[in-house]
>>> print(open('upload09.cif').read())   # mmCIF, C-alpha atoms
data_target
loop_
_atom_site.group_PDB
_atom_site.id
_atom_site.type_symbol
_atom_site.label_atom_id
_atom_site.label_comp_id
_atom_site.auth_asym_id
_atom_site.auth_seq_id
_atom_site.Cartn_x
_atom_site.Cartn_y
_atom_site.Cartn_z
ATOM 1 C CA MET A 1 126.836 -16.614 113.485
ATOM 2 C CA PRO A 2 129.135 -14.048 111.849
ATOM 3 C CA SER A 3 129.220 -10.599 113.364
ATOM 4 C CA THR A 4 127.322 -7.864 111.557
ATOM 5 C CA ALA A 5 129.917 -5.370 112.746
ATOM 6 C CA ASN A 6 131.960 -3.665 110.114
ATOM 7 C CA ARG A 7 135.497 -5.077 109.988
ATOM 8 C CA SER A 8 136.951 -1.584 109.816
ATOM 9 C CA VAL A 9 137.531 0.556 112.864
ATOM 10 C CA ARG A 10 134.436 2.105 114.433
ATOM 11 C CA PRO A 11 134.002 5.663 113.218
ATOM 12 C CA SER A 12 134.833 8.322 115.766
ATOM 13 C CA ARG A 13 132.419 11.101 116.701
ATOM 14 C CA GLU A 14 134.404 13.386 114.394
ATOM 15 C CA ASP A 15 134.119 10.856 111.556
ATOM 16 C CA LEU A 16 130.348 10.712 112.024
ATOM 17 C CA LEU A 17 129.985 14.489 112.083
ATOM 18 C CA ALA A 18 132.122 14.768 108.940
ATOM 19 C CA ALA A 19 129.907 12.201 107.183
ATOM 20 C CA ALA A 20 126.830 14.486 107.223
ATOM 21 C CA GLY A 21 125.751 15.177 103.658
ATOM 22 C CA ARG A 22 128.164 12.611 102.192
ATOM 23 C CA LEU A 23 126.920 10.419 99.352
ATOM 24 C CA LEU A 24 127.082 6.617 99.378
ATOM 25 C CA PRO A 25 127.422 4.791 96.036
ATOM 26 C CA ASP A 26 124.739 2.324 94.996
ATOM 27 C CA VAL A 27 125.360 -1.396 94.822
ATOM 28 C CA ILE A 28 123.531 -2.061 91.570
ATOM 29 C CA ALA A 29 123.682 -4.028 88.328
ATOM 30 C CA PRO A 30 121.322 -4.622 85.411
ATOM 31 C CA GLY A 31 118.610 -7.272 85.693
ATOM 32 C CA LEU A 32 118.627 -7.824 89.466
ATOM 33 C CA ASP A 33 115.894 -9.901 91.056
ATOM 34 C CA VAL A 34 115.372 -7.262 93.783
ATOM 35 C CA LEU A 35 116.659 -3.709 94.117
ATOM 36 C CA LEU A 36 116.406 -2.797 97.810
ATOM 37 C CA CYS A 37 115.916 0.908 98.432
ATOM 38 C CA GLY A 38 116.648 2.497 101.795
ATOM 39 C CA ILE A 39 115.435 5.944 102.765
ATOM 40 C CA ASN A 40 118.909 7.521 102.905
ATOM 41 C CA PRO A 41 122.336 6.661 104.320
ATOM 42 C CA GLY A 42 122.876 7.216 108.005
ATOM 43 C CA LEU A 43 126.058 8.853 109.243
ATOM 44 C CA TRP A 44 127.598 5.511 110.236
ATOM 45 C CA SER A 45 127.016 4.144 106.732
ATOM 46 C CA ALA A 46 128.415 7.279 105.094
ATOM 47 C CA ALA A 47 131.482 7.223 107.372
ATOM 48 C CA THR A 48 132.226 3.555 106.628
ATOM 49 C CA GLY A 49 131.104 3.495 102.985
ATOM 50 C CA HIS A 50 128.742 0.567 103.618
ATOM 51 C CA HIS A 51 124.951 0.479 103.471
ATOM 52 C CA PHE A 52 123.014 -0.325 106.675
ATOM 53 C CA ALA A 53 126.297 -0.335 108.629
ATOM 54 C CA ARG A 54 125.146 1.053 111.972
ATOM 55 C CA PRO A 55 125.208 -1.554 114.725
ATOM 56 C CA GLY A 56 121.610 -2.248 115.692
ATOM 57 C CA ASN A 57 120.282 -1.911 112.154
ATOM 58 C CA ARG A 58 118.455 -5.127 111.373
ATOM 59 C CA PHE A 59 118.781 -5.085 107.583
ATOM 60 C CA TRP A 60 121.536 -7.697 107.255
ATOM 61 C CA PRO A 61 120.017 -10.172 109.752
ATOM 62 C CA ALA A 62 116.530 -9.782 108.190
ATOM 63 C CA LEU A 63 117.946 -10.253 104.688
ATOM 64 C CA HIS A 64 119.534 -13.550 105.731
ATOM 65 C CA LEU A 65 116.659 -14.799 107.916
ATOM 66 C CA GLY A 66 114.261 -13.927 105.086
ATOM 67 C CA GLY A 67 116.129 -16.347 102.819
ATOM 68 C CA PHE A 68 117.929 -13.949 100.476
ATOM 69 C CA THR A 69 121.482 -14.914 101.466
ATOM 70 C CA PRO A 70 122.925 -18.279 102.567
ATOM 71 C CA ARG A 71 124.593 -16.635 105.564
ATOM 72 C CA GLN A 72 124.376 -13.281 107.280
ATOM 73 C CA LEU A 73 126.555 -10.872 105.364
ATOM 74 C CA ARG A 74 128.372 -7.995 107.017
ATOM 75 C CA PRO A 75 127.970 -4.453 105.693
ATOM 76 C CA ASP A 76 131.536 -4.571 104.316
ATOM 77 C CA GLU A 77 130.435 -7.529 102.158
ATOM 78 C CA GLN A 78 127.757 -5.504 100.348
ATOM 79 C CA ASP A 79 129.485 -6.015 97.001
ATOM 80 C CA LEU A 80 128.506 -9.714 97.185
ATOM 81 C CA LEU A 81 124.818 -8.795 96.835
ATOM 82 C CA PRO A 82 124.621 -8.704 93.006
ATOM 83 C CA GLY A 83 125.801 -12.322 93.020
ATOM 84 C CA HIS A 84 122.593 -13.082 94.944
ATOM 85 C CA GLY A 85 120.476 -11.056 92.495
ATOM 86 C CA LEU A 86 120.258 -8.106 94.903
ATOM 87 C CA GLY A 87 121.251 -4.445 94.906
ATOM 88 C CA ILE A 88 120.963 -1.434 97.209
ATOM 89 C CA THR A 89 120.136 2.193 96.528
ATOM 90 C CA ASN A 90 118.449 5.008 98.491
ATOM 91 C CA LEU A 91 115.555 7.386 97.942
ATOM 92 C CA ALA A 92 117.708 10.310 99.038
ATOM 93 C CA ALA A 93 121.457 10.232 98.553
ATOM 94 C CA ARG A 94 122.381 12.679 101.339
ATOM 95 C CA ALA A 95 123.570 11.153 104.613
ATOM 96 C CA THR A 96 121.843 12.384 107.771
ATOM 97 C CA ALA A 97 121.730 11.381 111.418
ATOM 98 C CA ARG A 98 117.989 10.618 111.101
ATOM 99 C CA ALA A 99 115.695 10.125 108.119
ATOM 100 C CA ASP A 100 113.302 12.802 109.421
ATOM 101 C CA GLU A 101 115.968 15.406 108.563
ATOM 102 C CA LEU A 102 115.087 14.938 104.886
ATOM 103 C CA THR A 103 112.635 17.326 103.287
ATOM 104 C CA ARG A 104 109.509 16.324 101.395
ATOM 105 C CA GLU A 105 111.127 17.851 98.307
ATOM 106 C CA GLU A 106 114.211 15.619 98.678
ATOM 107 C CA LEU A 107 112.056 12.502 98.942
ATOM 108 C CA THR A 108 109.883 13.520 95.976
ATOM 109 C CA ALA A 109 112.976 14.250 93.871
ATOM 110 C CA GLY A 110 114.439 10.943 95.071
ATOM 111 C CA GLY A 111 111.333 9.140 93.822
ATOM 112 C CA ALA A 112 111.922 10.566 90.326
ATOM 113 C CA ILE A 113 115.609 9.571 90.427
ATOM 114 C CA LEU A 114 114.641 6.099 91.646
ATOM 115 C CA ARG A 115 112.193 5.684 88.746
ATOM 116 C CA ALA A 116 115.041 6.547 86.353
ATOM 117 C CA LYS A 117 117.366 3.990 88.017
ATOM 118 C CA VAL A 118 114.682 1.338 87.769
ATOM 119 C CA ALA A 119 114.175 2.171 84.074
ATOM 120 C CA ARG A 120 117.926 1.931 83.478
ATOM 121 C CA TYR A 121 118.652 -1.260 85.453
ATOM 122 C CA ALA A 122 115.281 -3.068 85.088
ATOM 123 C CA PRO A 123 115.166 -5.083 88.322
ATOM 124 C CA ARG A 124 112.284 -7.565 88.574
ATOM 125 C CA TRP A 125 111.285 -6.077 91.962
ATOM 126 C CA LEU A 126 111.867 -2.768 93.712
ATOM 127 C CA ALA A 127 111.631 -3.075 97.503
ATOM 128 C CA VAL A 128 111.435 0.235 99.372
ATOM 129 C CA LEU A 129 112.376 -0.050 103.063
ATOM 130 C CA GLY A 130 110.046 2.424 104.728
ATOM 131 C CA VAL A 131 106.353 2.951 104.071
ATOM 132 C CA THR A 132 106.227 6.635 105.072
ATOM 133 C CA ALA A 133 109.134 7.565 102.808
ATOM 134 C CA PHE A 134 107.554 5.574 99.965
ATOM 135 C CA ARG A 135 104.243 7.405 100.418
ATOM 136 C CA THR A 136 106.008 10.760 100.196
ATOM 137 C CA ALA A 137 108.322 9.866 97.296
ATOM 138 C CA PHE A 138 105.609 8.286 95.151
ATOM 139 C CA GLY A 139 102.595 10.347 96.273
ATOM 140 C CA LEU A 140 100.648 7.231 97.321
ATOM 141 C CA GLN A 141 99.326 8.112 100.759
ATOM 142 C CA HIS A 142 97.452 4.849 101.350
ATOM 143 C CA ALA A 143 100.315 2.460 100.519
ATOM 144 C CA LYS A 144 100.941 -0.313 103.074
ATOM 145 C CA VAL A 145 103.739 -2.793 103.734
ATOM 146 C CA GLY A 146 103.677 -5.591 101.150
ATOM 147 C CA PRO A 147 103.212 -5.829 97.376
ATOM 148 C CA GLN A 148 101.834 -2.787 95.603
ATOM 149 C CA ASP A 149 99.252 -2.767 92.836
ATOM 150 C CA ALA A 150 101.262 -0.288 90.793
ATOM 151 C CA ALA A 151 104.341 -1.447 88.884
ATOM 152 C CA LEU A 152 106.996 0.660 87.174
ATOM 153 C CA PRO A 153 106.888 0.178 83.389
ATOM 154 C CA GLN A 154 110.083 -0.838 81.596
ATOM 155 C CA PRO A 155 110.761 -0.060 77.945
ATOM 156 C CA GLY A 156 111.015 -3.405 76.130
ATOM 157 C CA ALA A 157 110.895 -5.472 79.349
ATOM 158 C CA ALA A 158 108.436 -6.683 81.944
ATOM 159 C CA ALA A 159 107.384 -4.001 84.415
ATOM 160 C CA THR A 160 109.223 -3.809 87.745
ATOM 161 C CA ARG A 161 106.936 -4.893 90.578
ATOM 162 C CA VAL A 162 106.998 -2.811 93.777
ATOM 163 C CA TRP A 163 107.041 -4.073 97.375
ATOM 164 C CA ILE A 164 107.250 -2.044 100.576
ATOM 165 C CA LEU A 165 109.253 -3.496 103.463
ATOM 166 C CA PRO A 166 109.358 -2.045 106.973
ATOM 167 C CA ASN A 167 112.284 0.210 107.797
ATOM 168 C CA PRO A 168 114.926 -2.070 109.434
ATOM 169 C CA SER A 169 116.324 0.696 111.631
ATOM 170 C CA GLY A 170 116.547 -0.143 115.310
ATOM 171 C CA LEU A 171 114.391 2.963 115.828
ATOM 172 C CA ASN A 172 111.416 1.218 114.181
ATOM 173 C CA ALA A 173 109.769 -0.296 117.257
ATOM 174 C CA HIS A 174 106.725 -1.488 115.264
ATOM 175 C CA TYR A 175 108.687 -4.456 113.889
ATOM 176 C CA GLN A 176 110.957 -6.823 115.800
ATOM 177 C CA LEU A 177 113.602 -8.841 113.941
ATOM 178 C CA ASP A 178 111.405 -11.934 113.564
ATOM 179 C CA GLN A 179 108.614 -9.810 112.042
ATOM 180 C CA LEU A 180 111.066 -8.079 109.706
ATOM 181 C CA ALA A 181 112.414 -11.465 108.628
ATOM 182 C CA GLU A 182 108.851 -12.631 107.886
ATOM 183 C CA GLU A 183 108.271 -9.603 105.648
ATOM 184 C CA PHE A 184 111.592 -10.176 103.859
ATOM 185 C CA ALA A 185 110.634 -13.863 103.412
ATOM 186 C CA ARG A 186 107.295 -12.872 101.847
ATOM 187 C CA LEU A 187 109.154 -10.784 99.280
ATOM 188 C CA ARG A 188 111.712 -13.553 98.748
ATOM 189 C CA GLU A 189 108.948 -16.026 97.966
ATOM 190 C CA ALA A 190 107.328 -13.616 95.493
ATOM 191 C CA ALA A 191 110.686 -12.777 93.887
ATOM 192 C CA ARG A 192 111.736 -16.407 93.268
ATOM 193 C CA PRO A 193 112.340 -16.903 89.560
ATOM 194 C CA ALA A 194 109.580 -19.045 88.032
#
>>> encode(input="upload09.cif", output="structure tokens")
Amino acid sequence: MPSTANRSVRPSREDLLAAAGRLLPDVIAPGLDVLLCGINPGLWSAATGHHFARPGNRFWPALHLGGFTPRQLRPDEQDLLPGHGLGITNLAARATARADELTREELTAGGAILRAKVARYAPRWLAVLGVTAFRTAFGLQHAKVGPQDAALPQPGAAATRVWILPNPSGLNAHYQLDQLAEEFARLREAARPA
């Protein structure tokens, strides 16, 4: 199985410290099947320029095991995602060492920005990776992992359906890789074009 390690040199401690607050560009295109939305970039991702790049993050393995990609992609292959009908964005653009460094105001503002991105790019599904961040950003305190009743309306197009996935960070002890992969597979099945 291909390594999930970034092909570039591991960032040094100084590189990671310098990455705090850095922004990471979205991987996005119009009409995606699924727009995956992380909470915010970690320092490793901001230092390397690749989403979910920290070793130990289970995003890339779960994406593959859930059936979205024919092989496990590496973070430095993120630009291949639109070819699979996928994109990546974040609720908050600012890189931090831990997601709990974000303020409620940043997440709420990020929810508004995310709604605007969804209106602009009109993905069929929006999948937010982190139930607590979703609750804060969208003001829906009882939301749970899985499909949501609410959809985001699109001018002149079908509404974007919303799904919450567990946070794939290695710090999320509530979900092991096989459980994450199952949740990704549930979304994959729902997102299959008819």
>>> residues_around(input="upload09.cif", residues="range 29-40 of chain A", least_positions_apart="2", cutoff="6 Å", atoms="all atoms listed in the file", output="list in words")
Gly85, Leu86, Gly87, Ile88, Thr89, Asn90, Leu91, Ala92, Ala93, Tyr121, Ala122, Pro123, Arg124, Trp125, Leu126, Ala127, Val128 and Leu129 of chain A
>>> write_last_selection(input="upload09.cif", atoms="C-alpha atoms", output="PDB file, in the coordinates of the input")
ATOM      1  CA  GLY A  85     120.476 -11.056  92.495  1.00  0.00           C
ATOM      2  CA  LEU A  86     120.258  -8.106  94.903  1.00  0.00           C
ATOM      3  CA  GLY A  87     121.251  -4.445  94.906  1.00  0.00           C
ATOM      4  CA  ILE A  88     120.963  -1.434  97.209  1.00  0.00           C
ATOM      5  CA  THR A  89     120.136   2.193  96.528  1.00  0.00           C
ATOM      6  CA  ASN A  90     118.449   5.008  98.491  1.00  0.00           C
ATOM      7  CA  LEU A  91     115.555   7.386  97.942  1.00  0.00           C
ATOM      8  CA  ALA A  92     117.708  10.310  99.038  1.00  0.00           C
ATOM      9  CA  ALA A  93     121.457  10.232  98.553  1.00  0.00           C
ATOM     10  CA  TYR A 121     118.652  -1.260  85.453  1.00  0.00           C
ATOM     11  CA  ALA A 122     115.281  -3.068  85.088  1.00  0.00           C
ATOM     12  CA  PRO A 123     115.166  -5.083  88.322  1.00  0.00           C
ATOM     13  CA  ARG A 124     112.284  -7.565  88.574  1.00  0.00           C
ATOM     14  CA  TRP A 125     111.285  -6.077  91.962  1.00  0.00           C
ATOM     15  CA  LEU A 126     111.867  -2.768  93.712  1.00  0.00           C
ATOM     16  CA  ALA A 127     111.631  -3.075  97.503  1.00  0.00           C
ATOM     17  CA  VAL A 128     111.435   0.235  99.372  1.00  0.00           C
ATOM     18  CA  LEU A 129     112.376  -0.050 103.063  1.00  0.00           C
TER      19      LEU A 129
END
>>> atom_distance(input="upload09.cif", atom1="CA of Arg115 in chain A", atom2="CA of Leu152 in chain A")
7.4 Å
>>> resolve_selection(input="upload09.cif", expression="the PyMOL selection byres ((chain A and resi 159-167) around 9)", output="VMD selection string")
chain A and resid 38 to 39 58 to 59 118 to 119 122 to 131 134 143 to 155 157 to 158 168 to 172 174 to 175 180 183 to 184 187
>>> resolve_selection(input="upload09.cif", expression="the PyMOL selection byres ((chain A and resi 20-23) around 10)", output="PDB file with C-alpha atoms, in the coordinates of the input")
ATOM      1  CA  ASP A  15     134.119  10.856 111.556  1.00  0.00           C
ATOM      2  CA  LEU A  16     130.348  10.712 112.024  1.00  0.00           C
ATOM      3  CA  LEU A  17     129.985  14.489 112.083  1.00  0.00           C
ATOM      4  CA  ALA A  18     132.122  14.768 108.940  1.00  0.00           C
ATOM      5  CA  ALA A  19     129.907  12.201 107.183  1.00  0.00           C
ATOM      6  CA  LEU A  24     127.082   6.617  99.378  1.00  0.00           C
ATOM      7  CA  PRO A  25     127.422   4.791  96.036  1.00  0.00           C
ATOM      8  CA  ASP A  26     124.739   2.324  94.996  1.00  0.00           C
ATOM      9  CA  ASN A  40     118.909   7.521 102.905  1.00  0.00           C
ATOM     10  CA  PRO A  41     122.336   6.661 104.320  1.00  0.00           C
ATOM     11  CA  GLY A  42     122.876   7.216 108.005  1.00  0.00           C
ATOM     12  CA  LEU A  43     126.058   8.853 109.243  1.00  0.00           C
ATOM     13  CA  TRP A  44     127.598   5.511 110.236  1.00  0.00           C
ATOM     14  CA  SER A  45     127.016   4.144 106.732  1.00  0.00           C
ATOM     15  CA  ALA A  46     128.415   7.279 105.094  1.00  0.00           C
ATOM     16  CA  ALA A  47     131.482   7.223 107.372  1.00  0.00           C
ATOM     17  CA  GLY A  49     131.104   3.495 102.985  1.00  0.00           C
ATOM     18  CA  ALA A  92     117.708  10.310  99.038  1.00  0.00           C
ATOM     19  CA  ALA A  93     121.457  10.232  98.553  1.00  0.00           C
ATOM     20  CA  ARG A  94     122.381  12.679 101.339  1.00  0.00           C
ATOM     21  CA  ALA A  95     123.570  11.153 104.613  1.00  0.00           C
ATOM     22  CA  THR A  96     121.843  12.384 107.771  1.00  0.00           C
ATOM     23  CA  ALA A  97     121.730  11.381 111.418  1.00  0.00           C
TER      24      ALA A  97
END
>>> closest_residue(input="upload09.cif", among="A:Ala133, A:Leu114, A:Leu80, A:Ala53", to="Glu101 in chain A", atoms="all atoms listed in the file")
A:Ala133
>>> resolve_selection(input="upload09.cif", expression="the PyMOL selection byres ((chain A and resi 65-78) around 6)", output="mmCIF file with C-alpha atoms, keeping the file's coordinate frame")
data_model
loop_
_atom_site.group_PDB
_atom_site.id
_atom_site.type_symbol
_atom_site.label_atom_id
_atom_site.label_comp_id
_atom_site.auth_asym_id
_atom_site.auth_seq_id
_atom_site.Cartn_x
_atom_site.Cartn_y
_atom_site.Cartn_z
ATOM 1 C CA THR A 4 127.322 -7.864 111.557
ATOM 2 C CA ASN A 6 131.960 -3.665 110.114
ATOM 3 C CA HIS A 50 128.742 0.567 103.618
ATOM 4 C CA ALA A 53 126.297 -0.335 108.629
ATOM 5 C CA PRO A 61 120.017 -10.172 109.752
ATOM 6 C CA ALA A 62 116.530 -9.782 108.190
ATOM 7 C CA LEU A 63 117.946 -10.253 104.688
ATOM 8 C CA HIS A 64 119.534 -13.550 105.731
ATOM 9 C CA ASP A 79 129.485 -6.015 97.001
ATOM 10 C CA LEU A 80 128.506 -9.714 97.185
ATOM 11 C CA LEU A 81 124.818 -8.795 96.835
ATOM 12 C CA ALA A 181 112.414 -11.465 108.628
ATOM 13 C CA PHE A 184 111.592 -10.176 103.859
ATOM 14 C CA ALA A 185 110.634 -13.863 103.412
#
